[in-house]
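Asker: Below is the file data_29.txt, which contains compact mmCIF, C-alpha atoms.
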# COMPACT_ATOMS: atom_id res chain seq x y z
CA MET A 1 -27.74 -13.44 -15.73
CA THR A 2 -26.62 -9.80 -15.88
CA ALA A 3 -24.06 -8.45 -18.32
CA VAL A 4 -20.49 -9.63 -17.84
CA PHE A 5 -18.68 -6.29 -18.36
CA TRP A 6 -19.39 -2.85 -16.93
CA GLU A 7 -17.13 0.15 -17.37
CA ILE A 8 -16.23 1.82 -14.06
CA ASP A 9 -14.34 4.91 -12.96
CA ASN A 10 -13.66 7.05 -9.90
CA THR A 11 -12.30 10.41 -8.81
CA PRO A 12 -8.59 10.44 -7.84
CA ARG A 13 -7.78 10.98 -4.16
CA ASP A 14 -5.77 14.16 -3.54
CA TYR A 15 -3.56 13.11 -0.62
CA ALA A 16 -0.70 15.53 0.11
CA TRP A 17 2.02 13.06 -0.96
CA GLY A 18 0.49 12.51 -4.40
CA GLU A 19 1.97 13.45 -7.74
CA ILE A 20 0.52 16.38 -9.68
CA ASP A 21 -1.58 14.73 -12.44
CA GLY A 22 -0.24 11.37 -11.28
CA VAL A 23 -3.26 9.27 -12.25
CA ALA A 24 -3.58 11.17 -15.53
CA HIS A 25 0.03 10.30 -16.35
CA VAL A 26 -0.66 6.59 -15.76
CA CYS A 27 -3.98 6.54 -17.62
CA GLY A 28 -3.18 8.95 -20.43
CA THR A 29 -6.17 11.15 -19.54
CA ALA A 30 -6.46 14.93 -19.48
CA GLU A 31 -4.26 16.74 -16.98
CA THR A 32 -5.95 18.96 -14.41
CA GLY A 33 -2.94 20.37 -12.54
CA LEU A 34 -4.27 18.78 -9.35
CA ARG A 35 -2.56 16.38 -6.97
CA GLU A 36 -3.62 12.80 -7.80
CA ALA A 37 -2.33 10.27 -5.25
CA GLU A 38 -4.62 7.25 -5.69
CA LEU A 39 -7.46 5.98 -7.83
CA TRP A 40 -9.66 3.44 -6.02
CA LEU A 41 -11.28 0.69 -8.09
CA GLY A 42 -13.56 -1.32 -5.86
CA ALA A 43 -16.53 -1.19 -3.53
CA HIS A 44 -15.05 0.31 -0.37
CA PRO A 45 -17.75 2.64 1.03
CA ALA A 46 -15.25 5.48 1.54
CA ALA A 47 -14.87 5.85 -2.24
CA PRO A 48 -16.80 3.24 -4.25
CA SER A 49 -16.23 3.17 -7.99
CA ARG A 50 -18.95 4.52 -10.27
CA ILE A 51 -20.60 2.19 -12.79
CA LEU A 52 -21.02 3.81 -16.19
CA GLY A 53 -23.63 3.16 -18.87
CA ASP A 54 -27.16 1.81 -18.53
CA ALA A 55 -26.58 -0.11 -15.28
CA PRO A 56 -29.15 -0.80 -12.54
CA TRP A 57 -26.59 0.39 -9.96
CA GLN A 58 -24.66 3.65 -9.69
CA THR A 59 -21.71 2.41 -7.63
CA LEU A 60 -19.93 -0.84 -6.85
CA ASP A 61 -21.05 -0.88 -3.22
CA GLN A 62 -24.66 -0.74 -4.45
CA TRP A 63 -23.85 -3.59 -6.84
CA GLU A 64 -22.44 -5.63 -3.94
CA GLN A 65 -25.56 -5.03 -1.83
CA ALA A 66 -27.94 -5.89 -4.67
CA THR A 67 -26.16 -9.01 -5.91
CA GLY A 68 -24.71 -10.39 -2.68
CA ILE A 69 -21.34 -10.68 -4.41
CA ARG A 70 -18.40 -9.28 -2.45
CA LEU A 71 -15.13 -8.21 -3.97
CA PRO A 72 -12.40 -9.55 -1.63
CA PHE A 73 -10.00 -6.84 -2.76
CA LEU A 74 -9.50 -3.17 -3.55
CA LEU A 75 -7.47 -2.26 -6.66
CA LYS A 76 -5.63 1.07 -6.78
CA ILE A 77 -3.38 3.18 -8.91
CA LEU A 78 -0.84 4.81 -6.58
CA CYS A 79 1.31 7.81 -7.60
CA ALA A 80 3.72 9.08 -4.94
CA ALA A 81 5.77 12.24 -5.37
CA GLU A 82 6.79 12.26 -1.69
CA PRO A 83 7.10 9.60 1.03
CA LEU A 84 3.92 8.18 2.51
CA SER A 85 3.56 7.62 6.24
CA LEU A 86 5.28 4.67 7.87
CA GLN A 87 2.41 2.25 8.43
CA ALA A 88 1.29 -1.28 9.19
CA HIS A 89 -2.07 -2.95 8.73
CA PRO A 90 -3.94 -5.40 11.00
CA SER A 91 -4.85 -9.02 10.41
CA THR A 92 -8.51 -9.98 10.05
CA ALA A 93 -8.79 -10.96 13.72
CA GLN A 94 -7.08 -7.74 14.86
CA ALA A 95 -9.30 -5.60 12.60
CA GLN A 96 -12.51 -7.25 13.80
CA GLU A 97 -11.53 -6.86 17.46
CA GLY A 98 -10.31 -3.28 17.04
CA PHE A 99 -13.33 -2.17 15.00
CA ALA A 100 -15.73 -3.59 17.60
CA ARG A 101 -13.75 -2.05 20.48
CA GLU A 102 -13.72 1.43 18.97
CA ASN A 103 -17.42 1.18 18.13
CA GLU A 104 -18.17 0.18 21.72
CA ILE A 105 -16.39 3.20 23.19
CA GLY A 106 -18.11 5.50 20.70
CA ILE A 107 -15.31 6.78 18.47
CA PRO A 108 -16.94 7.99 15.21
CA VAL A 109 -15.78 6.01 12.17
CA ASP A 110 -14.52 9.20 10.51
CA ALA A 111 -12.78 10.57 13.64
CA PRO A 112 -9.11 11.49 13.13
CA ASN A 113 -8.12 9.38 16.15
CA ARG A 114 -9.87 6.27 14.83
CA ASN A 115 -7.57 3.31 14.09
CA TYR A 116 -10.10 0.86 12.65
CA ARG A 117 -12.53 2.21 10.05
CA ASP A 118 -13.82 -1.23 9.05
CA PRO A 119 -13.54 -4.83 10.28
CA ASN A 120 -11.29 -5.99 7.43
CA SER A 121 -7.60 -6.73 7.02
CA LYS A 122 -5.41 -5.01 4.47
CA PRO A 123 -2.65 -7.27 3.16
CA GLU A 124 -1.36 -5.77 -0.06
CA MET A 125 0.85 -6.17 -3.10
CA ILE A 126 2.19 -3.47 -5.38
CA VAL A 127 3.57 -3.78 -8.92
CA ALA A 128 5.83 -0.94 -10.04
CA LEU A 129 4.76 0.88 -13.20
CA ASN A 130 8.07 2.69 -13.61
CA ASP A 131 11.74 2.04 -12.99
CA GLY A 132 12.97 3.55 -9.75
CA PHE A 133 9.91 2.90 -7.59
CA GLU A 134 11.25 3.20 -4.03
CA ALA A 135 9.90 1.77 -0.79
CA LEU A 136 10.81 1.06 2.80
CA CYS A 137 9.52 -2.41 3.59
CA GLY A 138 10.11 -4.62 6.62
CA PHE A 139 12.89 -4.49 9.20
CA ARG A 140 16.56 -4.90 8.36
CA PRO A 141 18.72 -7.46 10.17
CA ILE A 142 19.64 -6.17 13.60
CA ALA A 143 23.38 -6.44 12.88
CA GLU A 144 23.00 -4.07 9.90
CA VAL A 145 21.05 -1.55 11.96
CA GLN A 146 23.64 -1.70 14.74
CA ALA A 147 26.43 -1.05 12.23
CA ASP A 148 24.61 2.04 10.97
CA LEU A 149 24.06 3.28 14.52
CA ASP A 150 27.80 2.95 15.13
CA ALA A 151 28.48 4.98 11.98
CA LEU A 152 25.85 7.54 12.97
CA ALA A 153 27.49 7.91 16.40
CA LEU A 154 30.73 8.97 14.69
CA ALA A 155 28.84 11.41 12.45
CA VAL A 156 26.75 13.17 15.10
CA GLY A 157 29.18 13.43 18.00
CA GLU A 158 29.26 12.74 21.73
CA GLU A 159 26.27 14.91 22.63
CA HIS A 160 23.95 12.24 21.18
CA ALA A 161 25.76 9.26 22.70
CA SER A 162 23.11 8.68 25.38
CA ALA A 163 20.24 8.48 22.89
CA LEU A 164 22.16 6.19 20.55
CA GLN A 165 23.20 3.96 23.44
CA THR A 166 19.56 3.59 24.52
CA TRP A 167 18.49 2.81 20.95
CA SER A 168 21.30 0.27 20.54
CA SER A 169 20.64 -1.42 23.88
CA LEU A 170 16.94 -1.77 23.12
CA LEU A 171 17.80 -3.50 19.86
CA ALA A 172 19.85 -6.02 21.80
CA ASP A 173 16.93 -6.96 24.07
CA ALA A 174 14.48 -9.77 23.48
CA ASP A 175 11.94 -8.50 20.92
CA GLY A 176 14.42 -5.67 20.45
CA ILE A 177 13.19 -4.48 17.05
CA ARG A 178 9.72 -3.78 18.39
CA HIS A 179 11.00 -2.04 21.53
CA ALA A 180 13.57 0.05 19.65
CA PHE A 181 11.14 1.17 16.93
CA LEU A 182 8.41 2.13 19.40
CA TRP A 183 10.96 4.01 21.55
CA LEU A 184 11.58 6.31 18.59
CA LEU A 185 7.89 7.29 18.82
CA SER A 186 7.91 7.65 22.60
CA GLY A 187 8.56 11.38 22.85
CA ASP A 188 11.82 10.91 24.78
CA GLU A 189 13.42 14.36 24.97
CA ARG A 190 16.64 13.07 23.39
CA ILE A 191 14.95 11.95 20.15
CA ALA A 192 14.22 15.35 18.55
CA PRO A 193 17.87 16.53 18.78
CA LEU A 194 18.99 13.16 17.37
CA VAL A 195 16.55 13.52 14.47
CA ALA A 196 18.06 16.93 13.66
CA ALA A 197 21.59 15.57 13.86
CA ALA A 198 20.77 12.51 11.74
CA THR A 199 19.13 14.76 9.14
CA GLU A 200 22.32 16.83 8.95
CA ALA A 201 24.42 13.66 8.69
CA GLY A 202 22.19 12.36 5.92
CA ALA A 203 22.72 15.53 3.90
CA ALA A 204 26.50 15.09 4.07
CA ASP A 205 27.05 11.31 4.12
CA ASP A 206 25.90 8.95 1.36
CA ARG A 207 25.61 6.11 3.87
CA PHE A 208 22.46 7.86 5.11
CA ALA A 209 21.23 9.11 1.73
CA VAL A 210 17.85 7.41 2.19
CA LEU A 211 17.08 10.02 4.86
CA ARG A 212 17.33 12.99 2.47
CA PRO A 213 13.94 12.88 0.69
CA ILE A 214 12.25 11.71 3.90
CA ALA A 215 13.64 14.58 5.96
CA GLN A 216 12.78 17.08 3.23
CA ALA A 217 9.14 15.94 3.17
CA HIS A 218 8.78 15.42 6.95
CA PRO A 219 11.34 17.62 8.76
CA GLY A 220 11.80 16.81 12.41
CA ASP A 221 9.68 13.64 12.29
CA PRO A 222 10.95 10.69 14.40
CA GLY A 223 10.11 8.42 11.46
CA ILE A 224 13.33 9.75 9.89
CA LEU A 225 15.21 7.63 12.42
CA GLY A 226 12.78 4.75 11.94
CA ALA A 227 13.78 4.64 8.27
CA LEU A 228 17.26 3.50 9.33
CA MET A 229 15.69 0.32 10.70
CA LEU A 230 13.89 -0.60 7.47
CA GLN A 231 14.87 -2.25 4.22
CA HIS A 232 15.22 0.28 1.39
CA LEU A 233 14.16 -1.24 -1.94
CA THR A 234 14.18 0.12 -5.49
CA LEU A 235 12.02 -1.69 -8.05
CA ARG A 236 12.14 -1.82 -11.82
CA ALA A 237 8.90 -1.62 -13.80
CA GLY A 238 7.04 -4.92 -13.41
CA GLU A 239 8.68 -5.89 -10.11
CA ALA A 240 6.41 -6.34 -7.10
CA LEU A 241 6.32 -6.40 -3.30
CA TRP A 242 4.12 -8.41 -0.93
CA LEU A 243 3.21 -6.71 2.36
CA PRO A 244 1.25 -8.98 4.73
CA ALA A 245 -0.48 -7.97 7.96
CA GLY A 246 1.91 -6.32 10.42
CA ASN A 247 4.54 -5.37 7.85
CA ILE A 248 5.89 -1.86 8.44
CA HIS A 249 6.38 0.05 5.20
CA ALA A 250 6.31 3.37 3.38
CA TYR A 251 6.35 4.04 -0.34
CA LEU A 252 8.83 6.82 -1.09
CA ARG A 253 8.24 7.69 -4.74
CA GLY A 254 6.94 6.26 -7.99
CA SER A 255 3.77 4.86 -9.51
CA GLY A 256 2.33 1.38 -9.10
CA VAL A 257 -0.76 -0.79 -9.31
CA GLU A 258 -1.70 -1.85 -5.80
CA LEU A 259 -4.00 -4.72 -4.84
CA MET A 260 -5.10 -5.16 -1.22
CA GLY A 261 -7.79 -6.32 1.12
CA PRO A 262 -10.93 -4.11 0.98
CA SER A 263 -9.94 -2.00 3.96
CA ASP A 264 -8.80 1.46 5.03
CA ASN A 265 -7.27 0.41 8.37
CA VAL A 266 -3.88 2.07 8.92
CA LEU A 267 -1.69 2.06 12.04
CA ARG A 268 0.84 4.82 11.48
CA GLY A 269 4.41 4.89 12.75
CA GLY A 270 5.78 8.25 11.66
CA LEU A 271 6.24 10.52 8.63
CA THR A 272 2.79 11.99 9.09
CA PRO A 273 0.93 14.73 10.97
CA LYS A 274 -1.95 12.29 11.43
CA HIS A 275 -2.88 10.26 14.51
CA ILE A 276 -0.29 7.78 15.78
CA ASP A 277 -1.37 5.21 18.37
CA THR A 278 1.97 3.76 19.45
CA ALA A 279 0.47 1.08 21.69
CA GLU A 280 -1.89 -0.20 18.99
CA LEU A 281 0.88 -0.14 16.39
CA GLY A 282 2.99 -2.23 18.75
CA ARG A 283 0.23 -4.83 18.97
CA VAL A 284 -0.05 -5.35 15.21
CA LEU A 285 3.62 -4.87 14.27
CA ASP A 286 5.51 -7.79 12.73
CA ALA A 287 8.91 -7.15 14.31
CA ARG A 288 10.91 -9.91 12.66
CA GLU A 289 14.18 -8.98 10.98
CA GLY A 290 15.14 -9.57 7.38
CA GLY A 291 13.09 -11.48 4.85
CA ASP A 292 12.66 -10.79 1.15
CA PRO A 293 9.40 -8.94 0.39
CA HIS A 294 9.68 -9.31 -3.40
CA LEU A 295 6.70 -11.07 -4.96
CA VAL A 296 7.68 -13.18 -7.97
CA PRO A 297 4.97 -13.79 -10.60
CA ALA A 298 4.20 -17.11 -12.25
CA PRO A 299 3.52 -17.56 -15.97
CA ALA A 300 -0.16 -17.99 -16.83
CA GLY A 301 0.09 -18.39 -20.60
CA ASP A 302 1.81 -16.48 -23.37
CA GLY A 303 1.86 -12.79 -22.52
CA ILE A 304 0.19 -13.30 -19.11
CA ARG A 305 1.72 -13.68 -15.66
CA VAL A 306 0.05 -13.78 -12.27
CA PHE A 307 0.99 -12.37 -8.87
CA ARG A 308 -0.60 -14.35 -6.01
CA SER A 309 -1.18 -13.15 -2.46
CA GLY A 310 0.75 -14.98 0.23
CA GLY A 311 -1.65 -14.47 3.13
CA ALA A 312 -2.68 -16.84 5.90
CA ASP A 313 -5.74 -19.06 5.54
CA ASP A 314 -7.97 -16.59 7.40
CA GLU A 315 -6.92 -13.63 5.25
CA PRO A 316 -8.55 -12.54 1.99
CA GLY A 317 -6.91 -14.15 -1.00
CA PHE A 318 -6.52 -12.38 -4.32
CA VAL A 319 -4.50 -12.54 -7.52
CA LEU A 320 -3.34 -9.95 -10.03
CA TYR A 321 -2.95 -10.92 -13.67
CA GLU A 322 -0.66 -8.79 -15.82
CA CYS A 323 -1.28 -9.14 -19.56
CA THR A 324 1.08 -7.78 -22.19
CA ALA A 325 -0.50 -9.74 -25.06
CA GLY A 326 -3.54 -11.90 -25.77
CA GLY A 327 -4.60 -15.03 -23.93
CA GLU A 328 -7.32 -16.43 -21.71
CA ILE A 329 -8.09 -15.97 -18.02
CA ASP A 330 -10.52 -18.34 -16.32
CA LEU A 331 -12.12 -16.25 -13.58
CA THR A 332 -13.94 -18.08 -10.78
CA GLY A 333 -15.67 -14.92 -9.55
CA ALA A 334 -16.03 -11.20 -10.11
CA ALA A 335 -12.95 -9.22 -11.12
CA ILE A 336 -11.75 -5.73 -12.06
CA ALA A 337 -9.66 -4.98 -15.16
CA LEU A 338 -7.48 -1.90 -15.77
CA CYS A 339 -5.47 -0.94 -18.84
CA THR A 340 -2.37 1.22 -18.27
CA GLU A 341 -0.65 0.86 -21.68
CA GLY A 342 -1.74 0.09 -25.23
CA GLY A 343 -5.21 -1.30 -25.80
CA PHE A 344 -7.13 -4.55 -25.34
CA THR A 345 -10.50 -6.16 -25.90
CA LEU A 346 -12.04 -8.47 -23.32
CA SER A 347 -14.70 -10.92 -24.42
CA SER A 348 -16.78 -13.72 -22.93
CA ASP A 349 -19.55 -15.61 -24.74
CA ALA A 350 -21.30 -13.01 -26.91
CA GLU A 351 -20.13 -9.99 -24.90
CA SER A 352 -17.04 -7.84 -25.23
CA ILE A 353 -15.63 -4.55 -23.98
CA ASP A 354 -12.86 -2.40 -25.42
CA MET A 355 -10.14 -1.51 -22.95
CA PRO A 356 -8.08 1.45 -24.20
CA ARG A 357 -5.41 2.95 -21.96
CA GLY A 358 -6.96 4.39 -18.79
CA ARG A 359 -10.19 2.38 -18.88
CA ALA A 360 -11.31 0.18 -15.97
CA ALA A 361 -14.09 -2.41 -15.99
CA LEU A 362 -15.96 -4.71 -13.65
CA VAL A 363 -16.22 -8.36 -14.68
CA ALA A 364 -19.49 -9.02 -12.85
CA HIS A 365 -19.30 -12.79 -12.40
CA ALA A 366 -17.27 -15.92 -13.11
CA ALA A 367 -16.31 -16.18 -16.76
CA ASN A 368 -13.69 -17.43 -19.18
CA VAL A 369 -12.34 -14.13 -20.46
CA ARG A 370 -10.48 -13.90 -23.75
CA VAL A 371 -7.89 -11.13 -23.89
CA GLU A 372 -6.82 -9.60 -27.20
CA GLY A 373 -4.40 -6.73 -27.68
CA GLU A 374 -0.98 -5.47 -26.65
CA GLY A 375 0.26 -3.19 -23.92
CA ARG A 376 -0.32 -3.65 -20.21
CA LEU A 377 -3.60 -4.82 -18.72
CA PHE A 378 -4.14 -5.79 -15.08
CA VAL A 379 -6.97 -8.03 -13.90
CA ALA A 380 -7.62 -8.31 -10.15
CA ALA A 381 -9.60 -11.30 -8.87
CA GLY A 382 -10.21 -13.39 -5.79
CA ALA A 383 -7.90 -16.33 -5.22
Show this structure as structure tokens.
Answerer:
Amino acid sequence: MTAVFWEIDNTPRDYAWGEIDGVAHVCGTAETGLREAELWLGAHPAAPSRILGDAPWQTLDQWEQATGIRLPFLLKILCAAEPLSLQAHPSTAQAQEGFARENEIGIPVDAPNRNYRDPNSKPEMIVALNDGFEALCGFRPIAEVQADLDALALAVGEEHASALQTWSSLLADADGIRHAFLWLLSGDERIAPLVAAATEAGAADDRFAVLRPIAQAHPGDPGILGALMLQHLTLRAGEALWLPAGNIHAYLRGSGVELMGPSDNVLRGGLTPKHIDTAELGRVLDAREGGDPHLVPAPAGDGIRVFRSGGADDEPGFVLYECTAGGEIDLTGAAIALCTEGGFTLSSDAESIDMPRGRAALVAHAANVRVEGEGRLFVAAGA
């Protein structure tokens, strides 16, 4: 049997919404002055993690191919200084169908108008690393949205009455949330003037304060109006959200540890200059109102708690252990560990690996792992 523990690392992704030195701030590593939005820890071929030391493989995708073991997840550090795009992700069945369809019609996998870059789903959870992590997540109750539209009508004046009436009437229809949200992306000539008016109202009226940072980062984008339809959540450090297939969401600011299906499939719905396929978004969108997206952990021993995915039976299952002190984790398959505070040692049988702040490691196969130390250590594993 191969070694249990292998140190891994990767190069941070420099997406435009990322925080300057964001990953360095989480990991306690040297600052570069560059934008660091995400650090991927997994085997996704778009950015597989590097394996350090005297390993027979250079990257985790090579390790997967050689061993036949597949990580059913992708672990990330996410650091947002500005709002991300409004987005939803497909289910497994939708991803497989969409990936095959786009292959058949010959859209290159790296084309900007490609919706499905792999045949996998991307349910996800995120655990906030700092107080004040903000997100838009899932649709608000229709009655609350209607009340805000009534207030917005008073703030923006009669010249926008027609657009607001259309928006309001669509909400009242059967499947009204879906129809109303997609109408905002339709290019109707009345939407751009309403976006400008709502932006001005948001600057002056605290009832629409959520629009301020969004409008500053994405001026004129119809997703500014879409934000009024979504739940606005602020997390404390250690609180988490669960975002299943079809959930519409956007992280607004803050740092978190994100665990998701091993996919890069994104259907965008605004707050981006990138490709938006309104029809395809409409097919995957979960347009139900309300619901609490908070993910509550369960205790898994002294100093350890576990966040469990809530996906359907045909979706990838995964768990995220958060350790603040020592204990034991009985892993039934390969896992990835990441230390964001303090320092730990992981051991199994005669092997061990030190985990200072900022270090990540692959646990290459099933093992009973003893955890010693204090701080904050995350361990991602299959369910």
Asker: Give me the residues within 12 Å of Gly382 (chain A) as an MDAnalysis selection string, counting only C-alpha atoms and dropping any in the same chain fewer than 5 places off.
Answerer: chainID A and resid 69:75 259:262 307:309 315:321 330:336 363 365:366
Asker: One number please: CA of Gly138 (chain A) to CA of Gly290 (chain A), in Å, one decimal.
Answerer: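 It comes out at 7.1 Å.
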Asker: List as number ranges by chain: which residues have an atom within 12 Å of (10.7, 11.4, 10.0), counting only C-alpha atoms?
Answerer: A: 83-86, 184-185, 191-192, 194-196, 198-199, 210-228, 250, 268-273
Asker: Find the residues with any atom within 12 Å of (10.0, 7.2, 24.3); use all atoms listed in the file and the coordinates as given in the file, and write the answer as JSON, numbers by chain.
Answerer: {"A": [163, 166, 167, 170, 179, 180, 181, 182, 183, 184, 185, 186, 187, 188, 189, 190, 191, 192, 222, 278, 279]}
Asker: Between CA of Pro356 (chain A) and CA of Leu377 (chain A), what is the distance in Å, rounded to a tenth?
Answerer: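 For CA of Pro356 (chain A) relative to CA of Leu377 (chain A), the distance reads 9.5 Å.
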Asker: As a PDB file, in the frame of the given file, please: region 42-51 of chain A completed to all heavy atoms.
Answerer:
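Result file rebuild36.pdb:
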ATOM      1  N   GLY A  42     -12.994  -0.313  -6.736  1.00  0.00           N
ATOM      2  CA  GLY A  42     -13.560  -1.320  -5.860  1.00  0.00           C
ATOM      3  C   GLY A  42     -14.830  -0.808  -5.217  1.00  0.00           C
ATOM      4  O   GLY A  42     -15.412   0.201  -5.645  1.00  0.00           O
ATOM      5  N   ALA A  43     -15.246  -1.493  -4.160  1.00  0.00           N
ATOM      6  CA  ALA A  43     -16.530  -1.190  -3.530  1.00  0.00           C
ATOM      7  C   ALA A  43     -16.400  -0.617  -2.133  1.00  0.00           C
ATOM      8  O   ALA A  43     -17.403  -0.525  -1.416  1.00  0.00           O
ATOM      9  CB  ALA A  43     -17.377  -2.476  -3.488  1.00  0.00           C
ATOM     10  N   HIS A  44     -15.196  -0.224  -1.722  1.00  0.00           N
ATOM     11  CA  HIS A  44     -15.050   0.310  -0.370  1.00  0.00           C
ATOM     12  C   HIS A  44     -15.962   1.521  -0.198  1.00  0.00           C
ATOM     13  O   HIS A  44     -15.949   2.436  -1.036  1.00  0.00           O
ATOM     14  CB  HIS A  44     -13.599   0.693  -0.081  1.00  0.00           C
ATOM     15  CG  HIS A  44     -13.326   0.913   1.371  1.00  0.00           C
ATOM     16  ND1 HIS A  44     -13.729   2.049   2.036  1.00  0.00           N
ATOM     17  CD2 HIS A  44     -12.738   0.121   2.306  1.00  0.00           C
ATOM     18  CE1 HIS A  44     -13.377   1.966   3.305  1.00  0.00           C
ATOM     19  NE2 HIS A  44     -12.770   0.804   3.500  1.00  0.00           N
ATOM     20  N   PRO A  45     -16.758   1.573   0.880  1.00  0.00           N
ATOM     21  CA  PRO A  45     -17.750   2.640   1.030  1.00  0.00           C
ATOM     22  C   PRO A  45     -17.150   4.045   1.134  1.00  0.00           C
ATOM     23  O   PRO A  45     -17.848   5.034   0.907  1.00  0.00           O
ATOM     24  CB  PRO A  45     -18.504   2.266   2.306  1.00  0.00           C
ATOM     25  CG  PRO A  45     -17.607   1.314   3.030  1.00  0.00           C
ATOM     26  CD  PRO A  45     -16.852   0.584   1.973  1.00  0.00           C
ATOM     27  N   ALA A  46     -15.866   4.154   1.463  1.00  0.00           N
ATOM     28  CA  ALA A  46     -15.250   5.480   1.540  1.00  0.00           C
ATOM     29  C   ALA A  46     -15.099   6.121   0.165  1.00  0.00           C
ATOM     30  O   ALA A  46     -15.074   7.349   0.059  1.00  0.00           O
ATOM     31  CB  ALA A  46     -13.882   5.384   2.217  1.00  0.00           C
ATOM     32  N   ALA A  47     -15.012   5.308  -0.883  1.00  0.00           N
ATOM     33  CA  ALA A  47     -14.870   5.850  -2.240  1.00  0.00           C
ATOM     34  C   ALA A  47     -15.197   4.760  -3.254  1.00  0.00           C
ATOM     35  O   ALA A  47     -14.320   4.301  -3.995  1.00  0.00           O
ATOM     36  CB  ALA A  47     -13.469   6.393  -2.475  1.00  0.00           C
ATOM     37  N   PRO A  48     -16.453   4.305  -3.302  1.00  0.00           N
ATOM     38  CA  PRO A  48     -16.800   3.240  -4.250  1.00  0.00           C
ATOM     39  C   PRO A  48     -16.716   3.711  -5.691  1.00  0.00           C
ATOM     40  O   PRO A  48     -17.024   4.869  -5.996  1.00  0.00           O
ATOM     41  CB  PRO A  48     -18.239   2.886  -3.860  1.00  0.00           C
ATOM     42  CG  PRO A  48     -18.783   4.146  -3.250  1.00  0.00           C
ATOM     43  CD  PRO A  48     -17.617   4.772  -2.540  1.00  0.00           C
ATOM     44  N   SER A  49     -16.305   2.825  -6.578  1.00  0.00           N
ATOM     45  CA  SER A  49     -16.230   3.170  -7.990  1.00  0.00           C
ATOM     46  C   SER A  49     -17.622   3.388  -8.568  1.00  0.00           C
ATOM     47  O   SER A  49     -18.595   2.745  -8.167  1.00  0.00           O
ATOM     48  CB  SER A  49     -15.520   2.060  -8.769  1.00  0.00           C
ATOM     49  OG  SER A  49     -14.181   1.932  -8.348  1.00  0.00           O
ATOM     50  N   ARG A  50     -17.703   4.290  -9.538  1.00  0.00           N
ATOM     51  CA  ARG A  50     -18.950   4.520 -10.270  1.00  0.00           C
ATOM     52  C   ARG A  50     -19.079   3.521 -11.403  1.00  0.00           C
ATOM     53  O   ARG A  50     -18.086   3.162 -12.052  1.00  0.00           O
ATOM     54  CB  ARG A  50     -18.969   5.947 -10.833  1.00  0.00           C
ATOM     55  CG  ARG A  50     -18.954   7.044  -9.765  1.00  0.00           C
ATOM     56  CD  ARG A  50     -19.055   8.426 -10.404  1.00  0.00           C
ATOM     57  NE  ARG A  50     -17.857   8.731 -11.180  1.00  0.00           N
ATOM     58  CZ  ARG A  50     -16.792   9.351 -10.687  1.00  0.00           C
ATOM     59  NH1 ARG A  50     -16.766   9.718  -9.403  1.00  0.00           N
ATOM     60  NH2 ARG A  50     -15.741   9.621 -11.451  1.00  0.00           N
ATOM     61  N   ILE A  51     -20.308   3.075 -11.657  1.00  0.00           N
ATOM     62  CA  ILE A  51     -20.600   2.190 -12.790  1.00  0.00           C
ATOM     63  C   ILE A  51     -21.198   3.043 -13.895  1.00  0.00           C
ATOM     64  O   ILE A  51     -22.183   3.756 -13.684  1.00  0.00           O
ATOM     65  CB  ILE A  51     -21.559   1.064 -12.378  1.00  0.00           C
ATOM     66  CG1 ILE A  51     -20.994   0.277 -11.191  1.00  0.00           C
ATOM     67  CG2 ILE A  51     -21.816   0.132 -13.564  1.00  0.00           C
ATOM     68  CD1 ILE A  51     -21.917  -0.795 -10.655  1.00  0.00           C
TER      69      ILE A  51
END
